[in-house]
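To keep things clear, I will list the structure first and then write my remarks on it.
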Amino acid sequence: MTKLSSTLLLPFLLALTIAQPGPYASFHTTGYIPFTDTTAITLPIDWSSKPKVDVTVNSFASTARLFRPDVDTGTCGFLFSSKDLPDWNATTEALETNKGWQFLSSSDLLYTGHWVTRDIYFNPRNSATRIKATVPILAVTKKVKCTTYSVSVDTDTCPTTPEWEDNNPGSVRVMGVGFGREDDGQPKGTPDKNAFINIQSIAGQSMTTYLQGYTIDSYGINVGLTNDNTLGMTFQDLPARNPNPVGSRVPSIARDWASLRSGCISFDDGASCYAGEVLLDTGIANSSMRVPLGVTLPRDAITKVLNDGTIVRVNLGDPAIVTERFTAGTGAATGVTPDLAFAYNSARGNFFNTGRHAYRAWKTAYDSVNGRYGIGTV
């Protein structure tokens with residue numbers, strides 16, 4: 001038998017490698033939700049403002065009111081003014097049994113109301129691309145600014161007199177699509193509240209080859225993970241929240257995964273690293289970090305903003321999938337540098353929120369079924 005040379009075999013071996021099925025090879029159903037705005041928008045977006053999508057609620061008829069909520073990976077749950085919510089009935093839906101709240105720590109805003117189930121339609125005006133999700137929505141009846149709120153103690157009431165309050169707020173539209181946020185003032189921000197991982201139908205496609213998950217890039221969202229829309233991404237397993245049994249990767253609540261880990265959160269270009277959690281947050285243009293008590297931070301003592309010139313380095317993933325590095329005060333208009341970088345000492349645990357400018361460099365994927373998070377270069 002003639003021995004084939006390695007030179008002849010190389011193209012064949014490369015072809016085999018390329019053709020190998022990825023982790024989502026058996027899933028083919030997916031749907032695209034483009035970012036939009038109240039004015040003409042050019043894709044890709046530059047992440048200078050909050051990303052939005054078109055939705056209708058409980059109906060996709062041409063007469064149904066169109067809403068454009070913010071897409072926020074820093075929260076989990078759709079916050080919607082009760083006064084604007086289609087089919088809202090305070091008599092039958094504002095009950096003690098479905099009372100709820102969410103506190104958004106980045107803005108010190110406390111929203112209270114009632115969880116009510118609604119159908120949400122993405123791309124509602126186009127039957128060829130229409131996508132339906134069904135989730136409980138927080139029908140917001142009150143909104144307050146509460147700077148003294150403690151996420152470990154407080155619930156639906158500000159412990160002190162709030163800076164201001166609105167007892168019948170309008171125009172609240174925050175579509176929280178994050179995960180692992182329950183310990184940050186969102187105790188009911190469980191997976192059943194996330195519209196992007198509770199898709200019921202996609203323009204008549206078969207859902208038998210659909211995996212509940214999504215990708216985010218500068219064009220919009222792909223719901224349903226496939227080999228094609230995760231191409232080039234590196235994935236990492238997420239820890240389970242409240243695992244059962246302890247030490248396993250089985251969450252007590254199905255699909256309830258903890259935040260992505262970071263092996264290095266640093267404000268001195270990696271000279272000192274603090275391991276903790278990391279969040280790629282589409283909802284804010286600033287970033288924030290928490291490091292241990294007693295650590296001296298190069299920041300303004302009053303505003304807590306890092307000094308211009310401070311080099312921040314954060315590993316996204318542990319071990320790092322990619323590393324974010326920026327100089328505070330430089331490059332916020334076009335790069336990953338946030339508008340402002342806040343730094344705090346805390347006993348709550350080390351944490352870094354990148355802010356949405358990180359999406360200028362990376363695209364992400366969330367697999368809610370298997371608890372995996374992916375990052376790829378734009």
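Identifiers in this document derive from the order of the structure tokens: chains are assigned A, B, ..., residues are numbered from 1 separately in each chain, and ligands are numbered from 1 in order of occurrence.
Listed by chain and then by rising number, the residues of region 50-297 of chain A that DSSP assigns to alpha helix (DSSP H) from the backbone are A:Ala90, A:Thr91, A:Thr92, A:Glu93.
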Compile the contact shell of Leu85 (chain A) as number ranges by chain: residues with an atom at most 8 Å away, counting only C-alpha atoms, same-chain residues fewer than 4 positions apart removed.
A: 57, 80-81, 139
Pick the closest to Gly176 (chain A) from A:Gly74, A:Pro136, A:Gly263, A:Pro251: which is it, counting only C-alpha atoms?
A:Gly74
Leu211 (chain A) environment, 12 Å, only C-alpha atoms, sequence neighbours closer than 5 positions dropped, as an mmCIF file with all heavy atoms, in the first residue's frame:
```cif
data_model
loop_
_atom_site.group_PDB
_atom_site.id
_atom_site.type_symbol
_atom_site.label_atom_id
_atom_site.label_comp_id
_atom_site.auth_asym_id
_atom_site.auth_seq_id
_atom_site.Cartn_x
_atom_site.Cartn_y
_atom_site.Cartn_z
ATOM 1 N N PRO A 23 -21.650 22.640 18.670
ATOM 2 C CA PRO A 23 -22.592 22.268 19.722
ATOM 3 C C PRO A 23 -24.048 22.562 19.368
ATOM 4 O O PRO A 23 -24.953 22.028 20.009
ATOM 5 C CB PRO A 23 -22.136 23.114 20.914
ATOM 6 C CG PRO A 23 -21.397 24.266 20.306
ATOM 7 C CD PRO A 23 -20.741 23.722 19.088
ATOM 8 N N TYR A 24 -24.283 23.387 18.340
ATOM 9 C CA TYR A 24 -25.657 23.743 17.978
ATOM 10 C C TYR A 24 -26.027 23.232 16.585
ATOM 11 O O TYR A 24 -26.926 23.759 15.933
ATOM 12 C CB TYR A 24 -25.840 25.257 18.080
ATOM 13 C CG TYR A 24 -25.496 25.763 19.465
ATOM 14 C CD1 TYR A 24 -24.336 26.508 19.694
ATOM 15 C CD2 TYR A 24 -26.291 25.448 20.558
ATOM 16 C CE1 TYR A 24 -24.003 26.938 20.976
ATOM 17 C CE2 TYR A 24 -25.969 25.863 21.840
ATOM 18 C CZ TYR A 24 -24.827 26.609 22.040
ATOM 19 O OH TYR A 24 -24.497 27.012 23.319
ATOM 20 N N ALA A 25 -25.335 22.174 16.149
ATOM 21 C CA ALA A 25 -25.550 21.645 14.803
ATOM 22 C C ALA A 25 -26.951 21.080 14.607
ATOM 23 O O ALA A 25 -27.463 21.066 13.481
ATOM 24 C CB ALA A 25 -24.508 20.566 14.502
ATOM 25 N N SER A 26 -27.589 20.610 15.658
ATOM 26 C CA SER A 26 -28.926 20.022 15.517
ATOM 27 C C SER A 26 -30.043 21.039 15.675
ATOM 28 O O SER A 26 -31.223 20.680 15.645
ATOM 29 C CB SER A 26 -29.106 18.889 16.536
ATOM 30 O OG SER A 26 -28.935 19.377 17.860
ATOM 31 N N PHE A 27 -29.684 22.315 15.829
ATOM 32 C CA PHE A 27 -30.686 23.366 15.992
ATOM 33 C C PHE A 27 -30.622 24.307 14.788
ATOM 34 O O PHE A 27 -29.558 24.830 14.451
ATOM 35 C CB PHE A 27 -30.452 24.135 17.293
ATOM 36 C CG PHE A 27 -30.514 23.261 18.516
ATOM 37 C CD1 PHE A 27 -29.345 22.805 19.124
ATOM 38 C CD2 PHE A 27 -31.729 22.857 19.034
ATOM 39 C CE1 PHE A 27 -29.398 21.978 20.231
ATOM 40 C CE2 PHE A 27 -31.794 22.030 20.140
ATOM 41 C CZ PHE A 27 -30.627 21.587 20.739
ATOM 42 N N HIS A 28 -31.764 24.521 14.159
ATOM 43 C CA HIS A 28 -31.804 25.282 12.915
ATOM 44 C C HIS A 28 -32.782 26.450 12.938
ATOM 45 O O HIS A 28 -32.687 27.342 12.094
ATOM 46 C CB HIS A 28 -32.166 24.355 11.748
ATOM 47 C CG HIS A 28 -31.336 23.109 11.681
ATOM 48 N ND1 HIS A 28 -30.002 23.123 11.331
ATOM 49 C CD2 HIS A 28 -31.635 21.808 11.950
ATOM 50 C CE1 HIS A 28 -29.514 21.883 11.375
ATOM 51 N NE2 HIS A 28 -30.490 21.068 11.750
ATOM 52 N N THR A 29 -33.685 26.448 13.866
ATOM 53 C CA THR A 29 -34.711 27.487 13.888
ATOM 54 C C THR A 29 -34.193 28.718 14.615
ATOM 55 O O THR A 29 -33.701 28.629 15.740
ATOM 56 C CB THR A 29 -35.989 26.979 14.586
ATOM 57 O OG1 THR A 29 -36.458 25.808 13.901
ATOM 58 C CG2 THR A 29 -37.073 28.041 14.582
ATOM 59 N N THR A 30 -34.304 29.860 13.969
ATOM 60 C CA THR A 30 -33.837 31.107 14.559
ATOM 61 C C THR A 30 -34.643 32.257 13.991
ATOM 62 O O THR A 30 -35.284 32.136 12.936
ATOM 63 C CB THR A 30 -32.332 31.318 14.295
ATOM 64 O OG1 THR A 30 -31.866 32.459 15.019
ATOM 65 C CG2 THR A 30 -32.052 31.502 12.816
ATOM 66 N N GLY A 31 -34.652 33.370 14.686
ATOM 67 C CA GLY A 31 -35.348 34.560 14.216
ATOM 68 C C GLY A 31 -34.533 35.798 14.528
ATOM 69 O O GLY A 31 -33.828 35.858 15.543
ATOM 70 N N PHE A 196 -36.564 36.951 25.641
ATOM 71 C CA PHE A 196 -35.723 36.358 24.604
ATOM 72 C C PHE A 196 -35.485 34.856 24.795
ATOM 73 O O PHE A 196 -34.995 34.197 23.877
ATOM 74 C CB PHE A 196 -34.371 37.078 24.537
ATOM 75 C CG PHE A 196 -34.433 38.462 23.947
ATOM 76 C CD1 PHE A 196 -33.328 39.308 24.042
ATOM 77 C CD2 PHE A 196 -35.557 38.926 23.288
ATOM 78 C CE1 PHE A 196 -33.360 40.588 23.496
ATOM 79 C CE2 PHE A 196 -35.608 40.204 22.747
ATOM 80 C CZ PHE A 196 -34.501 41.037 22.858
ATOM 81 N N ILE A 197 -35.782 34.323 25.967
ATOM 82 C CA ILE A 197 -35.606 32.876 26.168
ATOM 83 C C ILE A 197 -36.936 32.185 26.466
ATOM 84 O O ILE A 197 -36.965 31.063 26.972
ATOM 85 C CB ILE A 197 -34.581 32.568 27.283
ATOM 86 C CG1 ILE A 197 -35.020 33.156 28.629
ATOM 87 C CG2 ILE A 197 -33.202 33.064 26.889
ATOM 88 C CD1 ILE A 197 -34.164 32.688 29.797
ATOM 89 N N ASN A 198 -38.020 32.871 26.114
ATOM 90 C CA ASN A 198 -39.360 32.274 26.240
ATOM 91 C C ASN A 198 -40.144 32.509 24.949
ATOM 92 O O ASN A 198 -41.288 32.939 24.953
ATOM 93 C CB ASN A 198 -40.080 32.864 27.455
ATOM 94 C CG ASN A 198 -39.525 32.339 28.765
ATOM 95 O OD1 ASN A 198 -39.816 31.230 29.188
ATOM 96 N ND2 ASN A 198 -38.680 33.150 29.399
ATOM 97 N N ILE A 199 -39.483 32.166 23.843
ATOM 98 C CA ILE A 199 -40.072 32.321 22.518
ATOM 99 C C ILE A 199 -41.026 31.154 22.254
ATOM 100 O O ILE A 199 -40.678 29.988 22.470
ATOM 101 C CB ILE A 199 -38.976 32.370 21.445
ATOM 102 C CG1 ILE A 199 -38.004 33.541 21.707
ATOM 103 C CG2 ILE A 199 -39.594 32.463 20.057
ATOM 104 C CD1 ILE A 199 -38.630 34.901 21.682
ATOM 105 N N GLN A 200 -42.214 31.475 21.774
ATOM 106 C CA GLN A 200 -43.240 30.468 21.503
ATOM 107 C C GLN A 200 -43.343 30.113 20.014
ATOM 108 O O GLN A 200 -43.619 28.952 19.676
ATOM 109 C CB GLN A 200 -44.600 30.973 21.991
ATOM 110 C CG GLN A 200 -44.623 31.417 23.441
ATOM 111 C CD GLN A 200 -44.242 30.305 24.394
ATOM 112 O OE1 GLN A 200 -44.760 29.198 24.314
ATOM 113 N NE2 GLN A 200 -43.320 30.593 25.304
ATOM 114 N N SER A 201 -43.144 31.090 19.149
ATOM 115 C CA SER A 201 -43.247 30.814 17.715
ATOM 116 C C SER A 201 -42.438 31.830 16.923
ATOM 117 O O SER A 201 -42.228 32.968 17.368
ATOM 118 C CB SER A 201 -44.712 30.856 17.258
ATOM 119 O OG SER A 201 -45.266 32.151 17.433
ATOM 120 N N SER A 206 -40.852 25.448 12.413
ATOM 121 C CA SER A 206 -40.906 24.359 13.385
ATOM 122 C C SER A 206 -40.059 24.716 14.597
ATOM 123 O O SER A 206 -38.923 25.179 14.458
ATOM 124 C CB SER A 206 -40.382 23.069 12.763
ATOM 125 O OG SER A 206 -40.207 22.076 13.755
ATOM 126 N N ASN A 222 -30.484 37.739 17.570
ATOM 127 C CA ASN A 222 -30.933 36.482 16.986
ATOM 128 C C ASN A 222 -31.438 35.611 18.117
ATOM 129 O O ASN A 222 -30.668 35.274 19.036
ATOM 130 C CB ASN A 222 -29.798 35.757 16.254
ATOM 131 C CG ASN A 222 -29.465 36.396 14.925
ATOM 132 O OD1 ASN A 222 -30.231 36.315 13.974
ATOM 133 N ND2 ASN A 222 -28.318 37.055 14.869
ATOM 134 N N VAL A 223 -32.723 35.263 18.104
ATOM 135 C CA VAL A 223 -33.248 34.330 19.095
ATOM 136 C C VAL A 223 -33.196 32.926 18.504
ATOM 137 O O VAL A 223 -33.518 32.714 17.338
ATOM 138 C CB VAL A 223 -34.682 34.702 19.528
ATOM 139 C CG1 VAL A 223 -34.679 35.988 20.340
ATOM 140 C CG2 VAL A 223 -35.635 34.830 18.341
ATOM 141 N N GLY A 224 -32.760 31.968 19.333
ATOM 142 C CA GLY A 224 -32.558 30.608 18.860
ATOM 143 C C GLY A 224 -31.134 30.428 18.396
ATOM 144 O O GLY A 224 -30.713 31.020 17.392
ATOM 145 N N LEU A 225 -30.353 29.650 19.154
ATOM 146 C CA LEU A 225 -28.937 29.475 18.816
ATOM 147 C C LEU A 225 -28.762 28.396 17.760
ATOM 148 O O LEU A 225 -29.366 27.325 17.825
ATOM 149 C CB LEU A 225 -28.140 29.116 20.076
ATOM 150 C CG LEU A 225 -28.124 30.165 21.190
ATOM 151 C CD1 LEU A 225 -27.158 29.744 22.286
ATOM 152 C CD2 LEU A 225 -27.775 31.553 20.665
ATOM 153 N N THR A 226 -27.911 28.687 16.792
ATOM 154 C CA THR A 226 -27.547 27.730 15.746
ATOM 155 C C THR A 226 -26.036 27.788 15.549
ATOM 156 O O THR A 226 -25.358 28.675 16.081
ATOM 157 C CB THR A 226 -28.229 28.083 14.408
ATOM 158 O OG1 THR A 226 -27.693 29.318 13.917
ATOM 159 C CG2 THR A 226 -29.738 28.224 14.570
ATOM 160 N N ASN A 227 -25.532 26.850 14.762
ATOM 161 C CA ASN A 227 -24.100 26.895 14.444
ATOM 162 C C ASN A 227 -23.736 28.188 13.718
ATOM 163 O O ASN A 227 -22.692 28.790 13.969
ATOM 164 C CB ASN A 227 -23.713 25.692 13.574
ATOM 165 C CG ASN A 227 -23.121 24.566 14.412
ATOM 166 O OD1 ASN A 227 -23.082 24.637 15.637
ATOM 167 N ND2 ASN A 227 -22.673 23.517 13.742
ATOM 168 N N TYR A 366 -26.064 33.836 24.652
ATOM 169 C CA TYR A 366 -26.497 33.239 25.915
ATOM 170 C C TYR A 366 -27.320 31.992 25.622
ATOM 171 O O TYR A 366 -28.347 32.054 24.950
ATOM 172 C CB TYR A 366 -27.320 34.236 26.722
ATOM 173 C CG TYR A 366 -27.914 33.665 27.995
ATOM 174 C CD1 TYR A 366 -27.125 32.952 28.892
ATOM 175 C CD2 TYR A 366 -29.261 33.834 28.306
ATOM 176 C CE1 TYR A 366 -27.662 32.421 30.056
ATOM 177 C CE2 TYR A 366 -29.805 33.320 29.471
ATOM 178 C CZ TYR A 366 -29.005 32.607 30.342
ATOM 179 O OH TYR A 366 -29.544 32.074 31.494
ATOM 180 N N ASP A 367 -26.848 30.861 26.114
ATOM 181 C CA ASP A 367 -27.522 29.569 26.000
ATOM 182 C C ASP A 367 -28.218 29.308 27.325
ATOM 183 O O ASP A 367 -27.581 28.917 28.307
ATOM 184 C CB ASP A 367 -26.487 28.478 25.684
ATOM 185 C CG ASP A 367 -27.062 27.080 25.616
ATOM 186 O OD1 ASP A 367 -28.199 26.856 26.078
ATOM 187 O OD2 ASP A 367 -26.354 26.182 25.111
ATOM 188 N N SER A 368 -29.532 29.528 27.365
ATOM 189 C CA SER A 368 -30.253 29.408 28.630
ATOM 190 C C SER A 368 -30.512 27.962 29.029
ATOM 191 O O SER A 368 -30.783 27.686 30.199
ATOM 192 C CB SER A 368 -31.590 30.150 28.542
ATOM 193 O OG SER A 368 -32.545 29.440 27.773
ATOM 194 N N VAL A 369 -30.436 27.059 28.084
ATOM 195 C CA VAL A 369 -30.720 25.647 28.370
ATOM 196 C C VAL A 369 -29.527 24.969 29.032
ATOM 197 O O VAL A 369 -29.657 24.279 30.056
ATOM 198 C CB VAL A 369 -31.118 24.901 27.084
ATOM 199 C CG1 VAL A 369 -31.332 23.410 27.372
ATOM 200 C CG2 VAL A 369 -32.378 25.522 26.472
ATOM 201 N N ASN A 370 -28.354 25.172 28.464
ATOM 202 C CA ASN A 370 -27.149 24.503 28.952
ATOM 203 C C ASN A 370 -26.284 25.387 29.856
ATOM 204 O O ASN A 370 -25.256 24.933 30.353
ATOM 205 C CB ASN A 370 -26.315 24.027 27.760
ATOM 206 C CG ASN A 370 -27.083 23.073 26.877
ATOM 207 O OD1 ASN A 370 -27.443 21.981 27.299
ATOM 208 N ND2 ASN A 370 -27.379 23.501 25.649
ATOM 209 N N GLY A 371 -26.697 26.635 30.052
ATOM 210 C CA GLY A 371 -25.942 27.522 30.926
ATOM 211 C C GLY A 371 -24.574 27.857 30.378
ATOM 212 O O GLY A 371 -23.544 27.650 31.029
#
```
Residues near region 320-336 of chain A, cut-off 10 Å, only C-alpha atoms, skip fewer than 2 positions along chain, as a PyMOL selection string
chain A and resi 46-48+233-236+261-267+269-270+285-286+305-318+338-342+354-362+374-377
List as a ChimeraX atom specification the protein and nucleic acid residues near region 111-118 of chain A, meaning an atom at most 9 Å away when only C-alpha atoms are counted, but skip any in the same chain fewer than 4 places from it.
/A:57-58,79,81-82,86,88,93-104,133-144,156-157
Atoms kept (N, CA and C atoms) for selection, written as a short mmCIF file (atom, residue, chain, number, x, y, z; two decimals), in the first residue's frame:
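Result file follows (selection.cif):
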```cif
data_model
loop_
_atom_site.label_atom_id
_atom_site.label_comp_id
_atom_site.auth_asym_id
_atom_site.auth_seq_id
_atom_site.Cartn_x
_atom_site.Cartn_y
_atom_site.Cartn_z
N VAL A 57 -48.12 44.31 22.09
CA VAL A 57 -48.49 43.48 23.24
C VAL A 57 -49.91 42.94 23.04
N ASN A 58 -50.04 41.61 23.13
CA ASN A 58 -51.31 40.89 23.06
C ASN A 58 -51.99 40.93 21.70
N LEU A 79 -40.34 45.76 32.30
CA LEU A 79 -40.98 46.79 33.10
C LEU A 79 -41.78 47.69 32.17
N SER A 81 -45.19 50.57 32.05
CA SER A 81 -46.17 51.39 32.77
C SER A 81 -47.56 50.76 32.68
N SER A 82 -48.19 50.58 33.82
CA SER A 82 -49.53 49.97 33.82
C SER A 82 -50.52 50.82 33.04
N PRO A 86 -51.46 47.40 27.27
CA PRO A 86 -52.70 46.90 26.67
C PRO A 86 -53.40 45.86 27.56
N TRP A 88 -54.69 46.12 30.44
CA TRP A 88 -54.51 46.23 31.89
C TRP A 88 -55.85 46.49 32.58
N GLU A 93 -56.26 42.54 38.06
CA GLU A 93 -54.84 42.21 37.94
C GLU A 93 -53.96 42.83 39.02
N ALA A 94 -54.41 43.89 39.67
CA ALA A 94 -53.61 44.50 40.73
C ALA A 94 -53.92 43.81 42.05
N LEU A 95 -53.41 42.60 42.20
CA LEU A 95 -53.70 41.76 43.36
C LEU A 95 -52.47 41.64 44.26
N GLU A 96 -52.71 41.34 45.51
CA GLU A 96 -51.61 41.15 46.46
C GLU A 96 -50.76 39.95 46.07
N THR A 97 -51.39 38.95 45.47
CA THR A 97 -50.69 37.70 45.14
C THR A 97 -49.68 37.85 44.00
N ASN A 98 -49.85 38.86 43.16
CA ASN A 98 -48.91 39.03 42.05
C ASN A 98 -48.12 40.34 42.15
N LYS A 99 -48.05 40.87 43.36
CA LYS A 99 -47.31 42.11 43.58
C LYS A 99 -45.82 41.87 43.33
N GLY A 100 -45.16 42.87 42.77
CA GLY A 100 -43.74 42.72 42.47
C GLY A 100 -43.01 44.04 42.45
N TRP A 101 -41.70 43.95 42.39
CA TRP A 101 -40.86 45.15 42.31
C TRP A 101 -39.53 44.79 41.68
N GLN A 102 -38.86 45.81 41.17
CA GLN A 102 -37.48 45.67 40.72
C GLN A 102 -36.76 46.97 41.05
N PHE A 103 -35.56 46.79 41.60
CA PHE A 103 -34.69 47.93 41.89
C PHE A 103 -33.52 47.87 40.92
N LEU A 104 -33.30 48.96 40.20
CA LEU A 104 -32.18 49.03 39.26
C LEU A 104 -31.05 49.81 39.92
N ALA A 133 -43.35 35.86 22.01
CA ALA A 133 -42.90 35.40 23.32
C ALA A 133 -44.06 35.59 24.30
N THR A 134 -44.08 34.76 25.34
CA THR A 134 -45.10 34.91 26.37
C THR A 134 -44.40 34.93 27.73
N VAL A 135 -44.57 36.04 28.46
CA VAL A 135 -43.89 36.21 29.75
C VAL A 135 -44.75 37.05 30.68
N PRO A 136 -44.53 36.93 31.99
CA PRO A 136 -45.10 37.91 32.92
C PRO A 136 -44.39 39.25 32.76
N ILE A 137 -45.16 40.32 32.72
CA ILE A 137 -44.65 41.69 32.62
C ILE A 137 -44.93 42.38 33.95
N LEU A 138 -44.00 43.19 34.42
CA LEU A 138 -44.25 43.99 35.62
C LEU A 138 -45.00 45.26 35.20
N ALA A 139 -46.31 45.27 35.47
CA ALA A 139 -47.12 46.45 35.20
C ALA A 139 -46.83 47.47 36.29
N VAL A 140 -46.04 48.49 35.96
CA VAL A 140 -45.51 49.42 36.95
C VAL A 140 -46.56 50.47 37.33
N THR A 141 -46.84 50.54 38.62
CA THR A 141 -47.79 51.52 39.14
C THR A 141 -47.11 52.62 39.94
N LYS A 142 -45.81 52.43 40.27
CA LYS A 142 -45.10 53.44 41.04
C LYS A 142 -43.61 53.36 40.72
N LYS A 143 -42.98 54.53 40.69
CA LYS A 143 -41.55 54.61 40.40
C LYS A 143 -40.95 55.67 41.31
N VAL A 144 -39.88 55.30 42.04
CA VAL A 144 -39.27 56.24 42.97
C VAL A 144 -37.75 56.22 42.81
N ASP A 156 -40.12 46.27 48.45
CA ASP A 156 -40.88 47.13 47.54
C ASP A 156 -41.05 48.56 48.04
N THR A 157 -40.34 48.91 49.11
CA THR A 157 -40.49 50.25 49.69
C THR A 157 -39.13 50.86 49.96
#
```
Which residues, written as a PyMOL selection string, have at least one atom at most 10 Å from Asp70 (chain A), with only C-alpha atoms counted and residues fewer than 5 positions away on the same chain left out?
chain A and resi 35-37+49-54+78-79+172-176+282-283
Give the strand (DSSP E) residues of region 15-223 of chain A, as assigned by DSSP on the backbone, as a VMD selection string.
chain A and resid 31 to 34 55 to 57 70 to 72 76 to 81 99 to 104 109 to 122 131 to 145 164 to 166 173 to 177 199 to 202 213 to 216 220 to 223
Would you save the residues from that selection as an mmCIF file, in the first residue's frame, using C-alpha atoms?
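Result file part.cif:
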```cif
data_model
loop_
_atom_site.group_PDB
_atom_site.id
_atom_site.type_symbol
_atom_site.label_atom_id
_atom_site.label_comp_id
_atom_site.auth_asym_id
_atom_site.auth_seq_id
_atom_site.Cartn_x
_atom_site.Cartn_y
_atom_site.Cartn_z
ATOM 1 C CA GLY A 31 -35.348 34.560 14.216
ATOM 2 C CA TYR A 32 -33.841 38.015 13.791
ATOM 3 C CA ILE A 33 -34.989 41.106 15.725
ATOM 4 C CA PRO A 34 -33.293 44.268 14.405
ATOM 5 C CA VAL A 55 -42.978 45.215 19.886
ATOM 6 C CA THR A 56 -46.713 45.031 20.261
ATOM 7 C CA VAL A 57 -48.494 43.479 23.239
ATOM 8 C CA ASP A 70 -34.968 49.556 25.746
ATOM 9 C CA VAL A 71 -33.162 46.213 25.564
ATOM 10 C CA ASP A 72 -31.351 45.806 28.889
ATOM 11 C CA CYS A 76 -34.403 40.538 33.879
ATOM 12 C CA GLY A 77 -38.085 41.267 33.350
ATOM 13 C CA PHE A 78 -40.153 43.582 31.177
ATOM 14 C CA LEU A 79 -40.979 46.790 33.100
ATOM 15 C CA PHE A 80 -43.995 48.503 31.556
ATOM 16 C CA SER A 81 -46.175 51.391 32.765
ATOM 17 C CA LYS A 99 -47.308 42.109 43.583
ATOM 18 C CA GLY A 100 -43.736 42.717 42.473
ATOM 19 C CA TRP A 101 -40.856 45.146 42.315
ATOM 20 C CA GLN A 102 -37.481 45.674 40.723
ATOM 21 C CA PHE A 103 -34.690 47.926 41.890
ATOM 22 C CA LEU A 104 -32.180 49.033 39.263
ATOM 23 C CA LEU A 109 -34.784 53.536 40.660
ATOM 24 C CA LEU A 110 -37.351 51.339 42.404
ATOM 25 C CA TYR A 111 -40.271 50.132 40.301
ATOM 26 C CA THR A 112 -43.300 48.533 41.956
ATOM 27 C CA GLY A 113 -46.391 47.005 40.438
ATOM 28 C CA HIS A 114 -47.894 43.627 39.546
ATOM 29 C CA TRP A 115 -46.705 40.723 37.388
ATOM 30 C CA VAL A 116 -49.240 39.997 34.627
ATOM 31 C CA THR A 117 -48.779 37.616 31.707
ATOM 32 C CA ARG A 118 -48.839 38.976 28.167
ATOM 33 C CA ASP A 119 -47.959 37.894 24.653
ATOM 34 C CA ILE A 120 -45.185 40.001 23.121
ATOM 35 C CA TYR A 121 -44.744 40.233 19.361
ATOM 36 C CA PHE A 122 -41.420 41.209 17.817
ATOM 37 C CA ILE A 131 -41.808 36.323 16.650
ATOM 38 C CA LYS A 132 -43.991 35.636 19.682
ATOM 39 C CA ALA A 133 -42.903 35.398 23.322
ATOM 40 C CA THR A 134 -45.102 34.906 26.374
ATOM 41 C CA VAL A 135 -43.891 36.211 29.747
ATOM 42 C CA PRO A 136 -45.104 37.906 32.919
ATOM 43 C CA ILE A 137 -44.652 41.690 32.623
ATOM 44 C CA LEU A 138 -44.252 43.989 35.616
ATOM 45 C CA ALA A 139 -47.124 46.455 35.201
ATOM 46 C CA VAL A 140 -45.506 49.418 36.949
ATOM 47 C CA THR A 141 -47.793 51.521 39.139
ATOM 48 C CA LYS A 142 -45.100 53.440 41.038
ATOM 49 C CA LYS A 143 -41.554 54.610 40.402
ATOM 50 C CA VAL A 144 -39.265 56.239 42.972
ATOM 51 C CA LYS A 145 -35.684 57.443 43.194
ATOM 52 C CA TRP A 164 -38.844 61.848 44.213
ATOM 53 C CA GLU A 165 -41.743 59.540 43.410
ATOM 54 C CA ASP A 166 -44.254 59.074 40.614
ATOM 55 C CA ARG A 173 -40.364 50.575 28.809
ATOM 56 C CA VAL A 174 -37.440 48.447 29.970
ATOM 57 C CA MET A 175 -37.129 44.974 28.477
ATOM 58 C CA GLY A 176 -34.764 43.177 30.841
ATOM 59 C CA VAL A 177 -33.191 40.174 29.129
ATOM 60 C CA ILE A 199 -40.072 32.321 22.518
ATOM 61 C CA GLN A 200 -43.240 30.468 21.503
ATOM 62 C CA SER A 201 -43.247 30.814 17.715
ATOM 63 C CA ILE A 202 -41.211 32.252 14.847
ATOM 64 C CA GLY A 213 -31.069 31.375 23.727
ATOM 65 C CA TYR A 214 -30.006 34.503 21.894
ATOM 66 C CA THR A 215 -27.127 36.471 20.436
ATOM 67 C CA ILE A 216 -26.560 40.231 20.545
ATOM 68 C CA GLY A 220 -29.816 43.313 16.747
ATOM 69 C CA ILE A 221 -30.776 40.014 18.329
ATOM 70 C CA ASN A 222 -30.933 36.482 16.986
ATOM 71 C CA VAL A 223 -33.248 34.330 19.095
#
```
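Minimum atom-to-atom distance to Thr190 (chain A), evaluated using only C-alpha atoms, belongs to A:Ile253 out of A:Val295, A:Ala203, A:Ile253, A:Val153.
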Just the residues within 6 Å of Ala258 (chain A), please, counting only C-alpha atoms, with nothing from its chain fewer than 2 positions along; format it as a list in words.
Gly180, Pro239, Ala240 and Arg241 of chain A
Just write the chosen residues, N, CA, C and O atoms, as a PDB file, in the first residue's frame.
```
ATOM      1  N   GLY A 180     -29.089  35.945  36.085  1.00  0.00           N
ATOM      2  CA  GLY A 180     -28.297  35.995  37.306  1.00  0.00           C
ATOM      3  C   GLY A 180     -28.397  37.322  38.030  1.00  0.00           C
ATOM      4  O   GLY A 180     -27.473  37.717  38.737  1.00  0.00           O
ATOM      5  N   PRO A 239     -21.900  29.213  36.223  1.00  0.00           N
ATOM      6  CA  PRO A 239     -22.284  28.522  37.456  1.00  0.00           C
ATOM      7  C   PRO A 239     -23.810  28.506  37.588  1.00  0.00           C
ATOM      8  O   PRO A 239     -24.500  29.398  37.080  1.00  0.00           O
ATOM      9  N   ALA A 240     -24.317  27.502  38.280  1.00  0.00           N
ATOM     10  CA  ALA A 240     -25.753  27.455  38.581  1.00  0.00           C
ATOM     11  C   ALA A 240     -26.041  28.327  39.797  1.00  0.00           C
ATOM     12  O   ALA A 240     -25.249  28.379  40.739  1.00  0.00           O
ATOM     13  N   ARG A 241     -27.151  29.045  39.774  1.00  0.00           N
ATOM     14  CA  ARG A 241     -27.597  29.764  40.967  1.00  0.00           C
ATOM     15  C   ARG A 241     -28.286  28.768  41.896  1.00  0.00           C
ATOM     16  O   ARG A 241     -29.103  27.966  41.466  1.00  0.00           O
TER      17      ARG A 241
END
```
